[in-house]
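This is work38.pdb (PDB, C-alpha atoms).
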```pdb
ATOM      1  CA  MET X   1     -48.664  -6.122 -59.207  1.00  0.00           C
ATOM      2  CA  SER X   2     -51.999  -4.393 -59.805  1.00  0.00           C
ATOM      3  CA  ASN X   3     -53.627  -6.298 -56.921  1.00  0.00           C
ATOM      4  CA  GLU X   4     -50.878  -5.152 -54.524  1.00  0.00           C
ATOM      5  CA  ILE X   5     -51.356  -1.527 -55.599  1.00  0.00           C
ATOM      6  CA  ALA X   6     -55.111  -1.784 -55.079  1.00  0.00           C
ATOM      7  CA  THR X   7     -54.590  -3.260 -51.601  1.00  0.00           C
ATOM      8  CA  ARG X   8     -52.252  -0.439 -50.609  1.00  0.00           C
ATOM      9  CA  ASP X   9     -54.720   2.157 -51.891  1.00  0.00           C
ATOM     10  CA  GLU X  10     -57.478   0.615 -49.772  1.00  0.00           C
ATOM     11  CA  GLN X  11     -55.268   0.672 -46.681  1.00  0.00           C
ATOM     12  CA  ASN X  12     -54.342   4.307 -47.263  1.00  0.00           C
ATOM     13  CA  THR X  13     -57.999   5.206 -47.688  1.00  0.00           C
ATOM     14  CA  VAL X  14     -58.940   3.538 -44.390  1.00  0.00           C
ATOM     15  CA  ALA X  15     -56.053   5.256 -42.606  1.00  0.00           C
ATOM     16  CA  THR X  16     -57.136   8.695 -43.818  1.00  0.00           C
ATOM     17  CA  THR X  17     -60.856   8.260 -43.164  1.00  0.00           C
ATOM     18  CA  ASP X  18     -60.753   6.641 -39.671  1.00  0.00           C
ATOM     19  CA  PRO X  19     -60.759   9.273 -36.885  1.00  0.00           C
ATOM     20  CA  ALA X  20     -57.623   9.436 -34.785  1.00  0.00           C
ATOM     21  CA  PRO X  21     -58.024   7.882 -31.318  1.00  0.00           C
ATOM     22  CA  GLN X  22     -58.705  10.579 -28.720  1.00  0.00           C
ATOM     23  CA  GLN X  23     -56.336  10.890 -25.788  1.00  0.00           C
ATOM     24  CA  PRO X  24     -57.992  10.531 -22.370  1.00  0.00           C
ATOM     25  CA  ALA X  25     -58.577  13.863 -20.650  1.00  0.00           C
ATOM     26  CA  ASN X  26     -55.924  14.714 -18.117  1.00  0.00           C
ATOM     27  CA  GLU X  27     -57.810  15.657 -14.940  1.00  0.00           C
ATOM     28  CA  LEU X  28     -54.771  17.245 -13.368  1.00  0.00           C
ATOM     29  CA  MET X  29     -54.269  19.552 -16.360  1.00  0.00           C
ATOM     30  CA  GLN X  30     -57.928  20.491 -16.225  1.00  0.00           C
ATOM     31  CA  TRP X  31     -57.540  21.328 -12.555  1.00  0.00           C
ATOM     32  CA  VAL X  32     -54.458  23.439 -13.302  1.00  0.00           C
ATOM     33  CA  GLU X  33     -56.403  25.348 -15.925  1.00  0.00           C
ATOM     34  CA  SER X  34     -59.240  25.876 -13.451  1.00  0.00           C
ATOM     35  CA  ALA X  35     -56.728  27.194 -10.925  1.00  0.00           C
ATOM     36  CA  ARG X  36     -55.324  29.601 -13.505  1.00  0.00           C
ATOM     37  CA  GLN X  37     -58.765  30.934 -14.339  1.00  0.00           C
ATOM     38  CA  ALA X  38     -59.648  31.187 -10.644  1.00  0.00           C
ATOM     39  CA  HIS X  39     -56.482  33.211 -10.072  1.00  0.00           C
ATOM     40  CA  LEU X  40     -57.540  35.715 -12.726  1.00  0.00           C
ATOM     41  CA  VAL X  41     -60.925  36.078 -11.035  1.00  0.00           C
ATOM     42  CA  ALA X  42     -59.364  36.338  -7.589  1.00  0.00           C
ATOM     43  CA  GLN X  43     -57.123  39.235  -8.597  1.00  0.00           C
ATOM     44  CA  SER X  44     -60.217  41.326  -9.256  1.00  0.00           C
ATOM     45  CA  LEU X  45     -62.366  40.064  -6.380  1.00  0.00           C
ATOM     46  CA  ALA X  46     -59.645  40.643  -3.793  1.00  0.00           C
ATOM     47  CA  LYS X  47     -59.950  44.402  -4.369  1.00  0.00           C
ATOM     48  CA  THR X  48     -63.677  44.546  -3.599  1.00  0.00           C
ATOM     49  CA  GLN X  49     -65.765  44.412  -0.449  1.00  0.00           C
ATOM     50  CA  PHE X  50     -67.566  41.374  -1.854  1.00  0.00           C
ATOM     51  CA  ALA X  51     -64.520  39.337  -0.873  1.00  0.00           C
ATOM     52  CA  GLY X  52     -65.354  39.884   2.798  1.00  0.00           C
ATOM     53  CA  ALA X  53     -62.691  38.325   5.023  1.00  0.00           C
ATOM     54  CA  TYR X  54     -60.765  37.363   1.878  1.00  0.00           C
ATOM     55  CA  ARG X  55     -60.268  40.959   0.785  1.00  0.00           C
ATOM     56  CA  GLY X  56     -56.654  41.560  -0.193  1.00  0.00           C
ATOM     57  CA  LYS X  57     -55.941  37.809  -0.171  1.00  0.00           C
ATOM     58  CA  PRO X  58     -56.138  36.591  -3.789  1.00  0.00           C
ATOM     59  CA  ASP X  59     -54.368  33.296  -3.070  1.00  0.00           C
ATOM     60  CA  GLU X  60     -56.907  32.360  -0.414  1.00  0.00           C
ATOM     61  CA  ILE X  61     -59.721  33.345  -2.773  1.00  0.00           C
ATOM     62  CA  VAL X  62     -58.317  30.904  -5.332  1.00  0.00           C
ATOM     63  CA  ALA X  63     -58.291  28.142  -2.724  1.00  0.00           C
ATOM     64  CA  ALA X  64     -61.879  28.935  -1.698  1.00  0.00           C
ATOM     65  CA  ILE X  65     -63.084  28.943  -5.306  1.00  0.00           C
ATOM     66  CA  LEU X  66     -61.404  25.623  -6.109  1.00  0.00           C
ATOM     67  CA  THR X  67     -62.722  24.046  -2.918  1.00  0.00           C
ATOM     68  CA  GLY X  68     -66.211  25.289  -3.678  1.00  0.00           C
ATOM     69  CA  GLN X  69     -65.947  23.947  -7.214  1.00  0.00           C
ATOM     70  CA  GLU X  70     -65.417  20.437  -5.861  1.00  0.00           C
ATOM     71  CA  LEU X  71     -68.524  20.883  -3.724  1.00  0.00           C
ATOM     72  CA  GLY X  72     -70.621  22.214  -6.591  1.00  0.00           C
ATOM     73  CA  LEU X  73     -70.594  25.843  -5.418  1.00  0.00           C
ATOM     74  CA  GLN X  74     -70.250  28.866  -7.659  1.00  0.00           C
ATOM     75  CA  PRO X  75     -67.277  31.195  -6.936  1.00  0.00           C
ATOM     76  CA  MET X  76     -69.213  33.932  -5.142  1.00  0.00           C
ATOM     77  CA  THR X  77     -71.189  31.371  -3.150  1.00  0.00           C
ATOM     78  CA  ALA X  78     -67.960  29.676  -2.124  1.00  0.00           C
ATOM     79  CA  LEU X  79     -66.582  32.944  -0.731  1.00  0.00           C
ATOM     80  CA  LYS X  80     -69.649  33.321   1.475  1.00  0.00           C
ATOM     81  CA  SER X  81     -69.819  29.663   2.495  1.00  0.00           C
ATOM     82  CA  ILE X  82     -66.237  28.615   3.288  1.00  0.00           C
ATOM     83  CA  ASP X  83     -64.231  29.979   6.207  1.00  0.00           C
ATOM     84  CA  VAL X  84     -60.580  29.349   6.997  1.00  0.00           C
ATOM     85  CA  ILE X  85     -60.143  28.648  10.707  1.00  0.00           C
ATOM     86  CA  GLN X  86     -56.667  27.953  12.077  1.00  0.00           C
ATOM     87  CA  GLY X  87     -55.479  27.252   8.545  1.00  0.00           C
ATOM     88  CA  GLN X  88     -58.229  24.733   7.738  1.00  0.00           C
ATOM     89  CA  PRO X  89     -61.231  25.334   5.422  1.00  0.00           C
ATOM     90  CA  ALA X  90     -64.651  24.666   6.897  1.00  0.00           C
ATOM     91  CA  LEU X  91     -68.174  25.006   5.559  1.00  0.00           C
ATOM     92  CA  ARG X  92     -70.700  27.167   7.313  1.00  0.00           C
ATOM     93  CA  ALA X  93     -73.654  25.245   8.656  1.00  0.00           C
ATOM     94  CA  HIS X  94     -76.192  26.683   6.202  1.00  0.00           C
ATOM     95  CA  ALA X  95     -73.947  25.770   3.248  1.00  0.00           C
ATOM     96  CA  MET X  96     -73.487  22.253   4.611  1.00  0.00           C
ATOM     97  CA  ARG X  97     -77.248  21.746   4.772  1.00  0.00           C
ATOM     98  CA  ALA X  98     -77.649  23.149   1.246  1.00  0.00           C
ATOM     99  CA  ILE X  99     -75.078  20.766  -0.220  1.00  0.00           C
ATOM    100  CA  VAL X 100     -76.613  17.727   1.463  1.00  0.00           C
ATOM    101  CA  GLN X 101     -80.167  18.676   0.511  1.00  0.00           C
ATOM    102  CA  LYS X 102     -79.136  19.450  -3.085  1.00  0.00           C
ATOM    103  CA  GLN X 103     -78.065  15.832  -3.452  1.00  0.00           C
ATOM    104  CA  GLY X 104     -81.520  14.655  -2.431  1.00  0.00           C
ATOM    105  CA  HIS X 105     -80.943  13.869   1.247  1.00  0.00           C
ATOM    106  CA  GLU X 106     -83.531  15.100   3.735  1.00  0.00           C
ATOM    107  CA  ILE X 107     -82.965  17.291   6.795  1.00  0.00           C
ATOM    108  CA  GLU X 108     -85.677  18.549   9.130  1.00  0.00           C
ATOM    109  CA  LEU X 109     -85.529  20.887  12.125  1.00  0.00           C
ATOM    110  CA  VAL X 110     -87.817  19.295  14.703  1.00  0.00           C
ATOM    111  CA  GLU X 111     -87.244  21.579  17.711  1.00  0.00           C
ATOM    112  CA  SER X 112     -85.202  24.722  18.262  1.00  0.00           C
ATOM    113  CA  THR X 113     -84.920  26.891  21.385  1.00  0.00           C
ATOM    114  CA  ASP X 114     -82.150  28.608  23.311  1.00  0.00           C
ATOM    115  CA  GLU X 115     -81.843  25.449  25.405  1.00  0.00           C
ATOM    116  CA  ARG X 116     -82.308  22.593  22.960  1.00  0.00           C
ATOM    117  CA  CYS X 117     -82.149  21.647  19.281  1.00  0.00           C
ATOM    118  CA  VAL X 118     -83.505  18.476  17.688  1.00  0.00           C
ATOM    119  CA  MET X 119     -82.853  17.682  14.017  1.00  0.00           C
ATOM    120  CA  ARG X 120     -83.461  14.576  11.966  1.00  0.00           C
ATOM    121  CA  GLY X 121     -82.400  13.430   8.524  1.00  0.00           C
ATOM    122  CA  ARG X 122     -82.185  10.474   6.160  1.00  0.00           C
ATOM    123  CA  ARG X 123     -80.302   9.580   3.032  1.00  0.00           C
ATOM    124  CA  LYS X 124     -81.952   9.722  -0.360  1.00  0.00           C
ATOM    125  CA  GLY X 125     -84.037   6.585  -0.820  1.00  0.00           C
ATOM    126  CA  ALA X 126     -83.697   5.487   2.813  1.00  0.00           C
ATOM    127  CA  GLU X 127     -86.660   4.832   5.095  1.00  0.00           C
ATOM    128  CA  THR X 128     -85.036   5.239   8.511  1.00  0.00           C
ATOM    129  CA  TRP X 129     -84.594   8.707  10.020  1.00  0.00           C
ATOM    130  CA  GLN X 130     -81.507   9.579  12.047  1.00  0.00           C
ATOM    131  CA  THR X 131     -82.094  11.988  14.963  1.00  0.00           C
ATOM    132  CA  VAL X 132     -79.542  14.308  16.574  1.00  0.00           C
ATOM    133  CA  VAL X 133     -80.097  16.220  19.821  1.00  0.00           C
ATOM    134  CA  TRP X 134     -77.966  19.118  21.028  1.00  0.00           C
ATOM    135  CA  ASP X 135     -78.738  20.966  24.260  1.00  0.00           C
ATOM    136  CA  ILE X 136     -77.080  23.433  26.613  1.00  0.00           C
ATOM    137  CA  GLY X 137     -76.054  20.634  28.964  1.00  0.00           C
ATOM    138  CA  ARG X 138     -74.067  18.965  26.218  1.00  0.00           C
ATOM    139  CA  ALA X 139     -72.481  22.265  25.217  1.00  0.00           C
ATOM    140  CA  ARG X 140     -71.553  22.963  28.834  1.00  0.00           C
ATOM    141  CA  GLN X 141     -69.951  19.531  29.152  1.00  0.00           C
ATOM    142  CA  MET X 142     -67.749  20.316  26.134  1.00  0.00           C
ATOM    143  CA  GLY X 143     -66.739  23.712  27.523  1.00  0.00           C
ATOM    144  CA  LEU X 144     -68.457  25.770  24.817  1.00  0.00           C
ATOM    145  CA  LEU X 145     -70.623  28.121  26.849  1.00  0.00           C
ATOM    146  CA  GLY X 146     -67.758  30.464  27.698  1.00  0.00           C
ATOM    147  CA  LYS X 147     -67.313  31.407  24.028  1.00  0.00           C
ATOM    148  CA  ASP X 148     -68.690  34.736  22.891  1.00  0.00           C
ATOM    149  CA  GLN X 149     -71.037  33.390  20.198  1.00  0.00           C
ATOM    150  CA  TRP X 150     -72.557  30.890  22.597  1.00  0.00           C
ATOM    151  CA  LYS X 151     -73.370  33.711  24.988  1.00  0.00           C
ATOM    152  CA  LYS X 152     -74.916  35.900  22.280  1.00  0.00           C
ATOM    153  CA  GLN X 153     -76.835  33.360  20.162  1.00  0.00           C
ATOM    154  CA  PRO X 154     -77.074  29.923  21.762  1.00  0.00           C
ATOM    155  CA  LYS X 155     -79.992  28.937  19.544  1.00  0.00           C
ATOM    156  CA  THR X 156     -78.000  29.454  16.341  1.00  0.00           C
ATOM    157  CA  MET X 157     -74.958  27.650  17.711  1.00  0.00           C
ATOM    158  CA  LEU X 158     -77.044  24.659  18.775  1.00  0.00           C
ATOM    159  CA  ILE X 159     -78.474  24.414  15.251  1.00  0.00           C
ATOM    160  CA  ALA X 160     -74.992  24.625  13.756  1.00  0.00           C
ATOM    161  CA  ARG X 161     -73.702  21.834  15.991  1.00  0.00           C
ATOM    162  CA  ALA X 162     -76.693  19.620  15.216  1.00  0.00           C
ATOM    163  CA  THR X 163     -76.296  20.334  11.491  1.00  0.00           C
ATOM    164  CA  GLY X 164     -72.648  19.265  11.409  1.00  0.00           C
ATOM    165  CA  GLU X 165     -73.302  16.053  13.311  1.00  0.00           C
ATOM    166  CA  LEU X 166     -76.364  15.115  11.264  1.00  0.00           C
ATOM    167  CA  CYS X 167     -74.738  15.804   7.879  1.00  0.00           C
ATOM    168  CA  ARG X 168     -71.750  13.657   8.818  1.00  0.00           C
ATOM    169  CA  LEU X 169     -74.127  10.937   9.908  1.00  0.00           C
ATOM    170  CA  ILE X 170     -76.286  10.697   6.779  1.00  0.00           C
ATOM    171  CA  ALA X 171     -74.150  12.123   3.945  1.00  0.00           C
ATOM    172  CA  SER X 172     -70.456  12.328   4.752  1.00  0.00           C
ATOM    173  CA  ASP X 173     -69.671  11.498   1.121  1.00  0.00           C
ATOM    174  CA  ALA X 174     -71.300  14.754   0.002  1.00  0.00           C
ATOM    175  CA  LEU X 175     -68.940  16.926   2.056  1.00  0.00           C
ATOM    176  CA  HIS X 176     -65.721  16.021   0.188  1.00  0.00           C
ATOM    177  CA  GLY X 177     -63.326  16.250   3.107  1.00  0.00           C
ATOM    178  CA  LEU X 178     -64.992  19.221   4.828  1.00  0.00           C
ATOM    179  CA  PRO X 179     -66.979  17.361   7.484  1.00  0.00           C
ATOM    180  CA  TYR X 180     -67.031  20.085  10.142  1.00  0.00           C
ATOM    181  CA  ALA X 181     -69.110  23.234  10.128  1.00  0.00           C
ATOM    182  CA  ALA X 182     -67.210  26.485  10.628  1.00  0.00           C
ATOM    183  CA  GLU X 183     -69.207  27.072  13.798  1.00  0.00           C
ATOM    184  CA  GLU X 184     -67.838  23.778  15.164  1.00  0.00           C
ATOM    185  CA  THR X 185     -64.159  24.388  14.442  1.00  0.00           C
ATOM    186  CA  ASP X 186     -63.856  27.869  15.905  1.00  0.00           C
ATOM    187  CA  GLY X 187     -61.087  26.756  18.248  1.00  0.00           C
ATOM    188  CA  TYR X 188     -62.729  23.438  19.094  1.00  0.00           C
ATOM    189  CA  VAL X 189     -62.295  19.982  17.638  1.00  0.00           C
ATOM    190  CA  HIS X 190     -64.421  17.293  19.311  1.00  0.00           C
ATOM    191  CA  GLY X 191     -64.723  19.620  22.286  1.00  0.00           C
ATOM    192  CA  GLU X 192     -60.974  19.976  22.795  1.00  0.00           C
ATOM    193  CA  ILE X 193     -59.168  23.293  22.459  1.00  0.00           C
ATOM    194  CA  ALA X 194     -56.997  23.326  19.341  1.00  0.00           C
ATOM    195  CA  PRO X 195     -54.197  25.860  19.861  1.00  0.00           C
ATOM    196  CA  ALA X 196     -52.702  27.583  16.839  1.00  0.00           C
ATOM    197  CA  LYS X 197     -49.560  25.859  15.619  1.00  0.00           C
ATOM    198  CA  ALA X 198     -46.405  27.774  14.786  1.00  0.00           C
ATOM    199  CA  PRO X 199     -45.121  27.112  11.248  1.00  0.00           C
ATOM    200  CA  LEU X 200     -42.226  24.695  11.019  1.00  0.00           C
ATOM    201  CA  SER X 201     -38.925  25.764   9.488  1.00  0.00           C
ATOM    202  CA  VAL X 202     -35.908  23.857   8.173  1.00  0.00           C
ATOM    203  CA  ALA X 203     -33.816  25.220  11.025  1.00  0.00           C
ATOM    204  CA  ALA X 204     -36.340  23.996  13.583  1.00  0.00           C
ATOM    205  CA  LEU X 205     -36.260  20.519  12.082  1.00  0.00           C
ATOM    206  CA  THR X 206     -32.476  20.214  11.688  1.00  0.00           C
ATOM    207  CA  THR X 207     -31.136  21.988  14.772  1.00  0.00           C
ATOM    208  CA  PRO X 208     -30.292  19.399  17.454  1.00  0.00           C
ATOM    209  CA  ALA X 209     -32.133  19.720  20.687  1.00  0.00           C
ATOM    210  CA  PRO X 210     -30.091  21.420  23.426  1.00  0.00           C
ATOM    211  CA  ALA X 211     -28.578  19.092  25.996  1.00  0.00           C
ATOM    212  CA  PRO X 212     -30.498  19.090  29.259  1.00  0.00           C
ATOM    213  CA  GLN X 213     -28.803  21.153  31.914  1.00  0.00           C
ATOM    214  CA  GLN X 214     -27.508  19.234  34.898  1.00  0.00           C
ATOM    215  CA  PRO X 215     -28.821  20.572  38.167  1.00  0.00           C
ATOM    216  CA  THR X 216     -26.168  22.414  40.203  1.00  0.00           C
ATOM    217  CA  PRO X 217     -25.547  20.537  43.459  1.00  0.00           C
ATOM    218  CA  ALA X 218     -26.419  22.533  46.512  1.00  0.00           C
ATOM    219  CA  ALA X 219     -23.465  23.699  48.571  1.00  0.00           C
ATOM    220  CA  GLU X 220     -22.989  21.643  51.698  1.00  0.00           C
ATOM    221  CA  PRO X 221     -23.451  23.636  54.886  1.00  0.00           C
ATOM    222  CA  ALA X 222     -20.317  24.384  56.882  1.00  0.00           C
ATOM    223  CA  TYR X 223     -20.163  22.468  60.136  1.00  0.00           C
ATOM    224  CA  THR X 224     -18.231  23.545  63.254  1.00  0.00           C
ATOM    225  CA  VAL X 225     -17.309  21.203  66.060  1.00  0.00           C
ATOM    226  CA  ALA X 226     -17.141  22.559  69.531  1.00  0.00           C
ATOM    227  CA  ARG X 227     -14.724  20.762  71.854  1.00  0.00           C
ATOM    228  CA  ASP X 228     -15.758  20.131  75.392  1.00  0.00           C
ATOM    229  CA  ASP X 229     -12.246  20.980  76.744  1.00  0.00           C
ATOM    230  CA  GLN X 230     -12.189  24.408  75.093  1.00  0.00           C
ATOM    231  CA  ALA X 231     -13.928  27.446  76.460  1.00  0.00           C
ATOM    232  CA  PRO X 232     -16.032  29.520  74.125  1.00  0.00           C
ATOM    233  CA  ALA X 233     -14.208  32.409  72.463  1.00  0.00           C
ATOM    234  CA  GLY X 234     -14.006  35.462  74.722  1.00  0.00           C
ATOM    235  CA  ASP X 235     -14.332  33.522  77.991  1.00  0.00           C
ATOM    236  CA  TRP X 236     -11.536  33.456  80.574  1.00  0.00           C
ATOM    237  CA  ASP X 237     -10.177  29.903  81.039  1.00  0.00           C
ATOM    238  CA  GLN X 238      -8.222  29.706  84.287  1.00  0.00           C
ATOM    239  CA  ASN X 239      -7.378  26.007  83.830  1.00  0.00           C
ATOM    240  CA  ALA X 240      -5.661  26.730  80.501  1.00  0.00           C
ATOM    241  CA  ILE X 241      -3.581  29.430  82.149  1.00  0.00           C
ATOM    242  CA  ASP X 242      -2.465  27.203  85.012  1.00  0.00           C
ATOM    243  CA  ASP X 243      -1.459  24.361  82.628  1.00  0.00           C
ATOM    244  CA  SER X 244       0.439  26.565  80.199  1.00  0.00           C
ATOM    245  CA  VAL X 245       4.208  26.113  80.014  1.00  0.00           C
ATOM    246  CA  ASP X 246       4.695  29.335  78.117  1.00  0.00           C
ATOM    247  CA  TRP X 247       3.513  31.614  80.836  1.00  0.00           C
ATOM    248  CA  LYS X 248       3.941  31.432  84.601  1.00  0.00           C
ATOM    249  CA  PRO X 249       3.170  34.098  87.122  1.00  0.00           C
ATOM    250  CA  ASP X 250       6.205  35.797  88.705  1.00  0.00           C
ATOM    251  CA  THR X 251       6.289  34.334  92.216  1.00  0.00           C
ATOM    252  CA  ASP X 252       9.510  36.108  93.217  1.00  0.00           C
ATOM    253  CA  GLN X 253       7.854  39.424  93.466  1.00  0.00           C
TER
END
```

Write out the structure in this file as structure tokens.
Amino acid sequence: MSNEIATRDEQNTVATTDPAPQQPANELMQWVESARQAHLVAQSLAKTQFAGAYRGKPDEIVAAILTGQELGLQPMTALKSIDVIQGQPALRAHAMRAIVQKQGHEIELVESTDERCVMRGRRKGAETWQTVVWDIGRARQMGLLGKDQWKKQPKTMLIARATGELCRLIASDALHGLPYAAEETDGYVHGEIAPAKAPLSVAALTTPAPAPQQPTPAAEPAYTVARDDQAPAGDWDQNAIDDSVDWKPDTDQ
């Protein structure tokens, strides 16, 4: 009996001294908490001029902060680096270069004029350089030169285009789903115009499409047949008078 009591005491001692197993961190709950904290910050920032285009839009500020957090950007930096164009977030070109370079990848501006931009880059630890060339001819072919910013600052827009292409080429994994620079997506995706889409509604999805209207057949033209043995209306027909049995001239007089 004493041995059994001693064994139980030892087991109780081990149970009380061993640390309880820690539950794995719930990433979703952490994200929810980050969103809650970002919302508190956004309520204050939305009232200031520091919010820029996000002023008065706390919900969009929250989205920008959370997006920037995934990219390693501080809240205020995210507000100045992420634009929302046609409902989609996009990094500005300078922020895209900063993120890629921060991770150790190399980017160099080789040539930059109003007519041509040459940039090169390589991944961290790689030996081979990747080169990207953007010029006015390429921009003209994609229909970009009619846009206001291309008329005012073609040099800057060429750099932005080269930046987006080069960063996608050498470090797409660093961009976390934001592969296009804001300067690239201002109404253009791969050179094609992207019109704004109207929001869908339940009624629009459930209402049956109206039946196509049948074309109204054209009225057939009225045809008249003229007989050869009849005189046109208004003409005196002596033959008809002579052959008539209803009327004969009075020959007795």

Report task. Determine the residue membership of the PyMOL selection byres ((chain X and resi 130) around 9) for the file above and supply it as a PyMOL selection string. Result -> chain X and resi 119-122+128-129+131-132+166+169-170

Report task. Return the single residue from X:Thr163, X:Ala126, X:Lys152, X:Leu79 that is closest to Asp114 in chain X, with distances computed using all atoms listed in the file. Result ->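 The answer is X:Lys152, which sits nearest to Asp114 in chain X.
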
Report task. Using CA of Ala139 in chain X and CA of Ile82 in chain X as the two end points, give the distance in Å to one decimal. Result ->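 Distance reported for this atom pair: 23.7 Å.
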
Requested in this report: Using the chain letters and residue numbers of this document, give as a ChimeraX atom specification the residues selected by the PyMOL selection byres ((chain X and resi 96) around 12).
Outcome: /X:68,71-73,78,81-82,90-95,97-103,105,107,159-168,171-183

Query - Which residue of X:Glu70, X:Glu184, X:Ala46, X:Glu111 approaches Met142 in chain X most closely, using all atoms listed in the file - result: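 Once distances to Met142 in chain X are computed over all atoms listed in the file, the minimum belongs to X:Glu184.
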
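If you look at CA of Ala42 in chain X and CA of Val62 in chain X, they are 6.0 Å away from each other.
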
Query raised in the report: So, counting only C-alpha atoms, which residue among X:Glu106, X:Lys47, X:Pro89, X:Thr67 is closest to Lys124 in chain X?
Result: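 Residue with the minimum atom-to-atom distance to Lys124 in chain X: X:Glu106.
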
Query raised in the report: Could you list as a list of chain:residue names every residue that has an atom within 12 Å of (-85.7, 27.2, 24.3), using the file's coordinates and counting all atoms listed in the file?
Result: X:Glu111, X:Ser112, X:Thr113, X:Asp114, X:Glu115, X:Arg116, X:Cys117, X:Val118, X:Trp134, X:Asp135, X:Ile136, X:Gln153, X:Pro154, X:Lys155, X:Thr156, X:Leu158, X:Ile159

Using only C-alpha atoms, please write the residues we just selected to a file, as a compact mmCIF listing (two decimals), in the frame of the given file.
```
# COMPACT_ATOMS: atom_id res chain seq x y z
CA GLU X 111 -87.24 21.58 17.71
CA SER X 112 -85.20 24.72 18.26
CA THR X 113 -84.92 26.89 21.38
CA ASP X 114 -82.15 28.61 23.31
CA GLU X 115 -81.84 25.45 25.40
CA ARG X 116 -82.31 22.59 22.96
CA CYS X 117 -82.15 21.65 19.28
CA VAL X 118 -83.50 18.48 17.69
CA TRP X 134 -77.97 19.12 21.03
CA ASP X 135 -78.74 20.97 24.26
CA ILE X 136 -77.08 23.43 26.61
CA GLN X 153 -76.83 33.36 20.16
CA PRO X 154 -77.07 29.92 21.76
CA LYS X 155 -79.99 28.94 19.54
CA THR X 156 -78.00 29.45 16.34
CA LEU X 158 -77.04 24.66 18.77
CA ILE X 159 -78.47 24.41 15.25
```

Requested in this report: Measure the distance from CA of Lys57 in chain X to CA of Gln43 in chain X in Å and round it to one decimal.
Outcome: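 It comes out at 8.6 Å.
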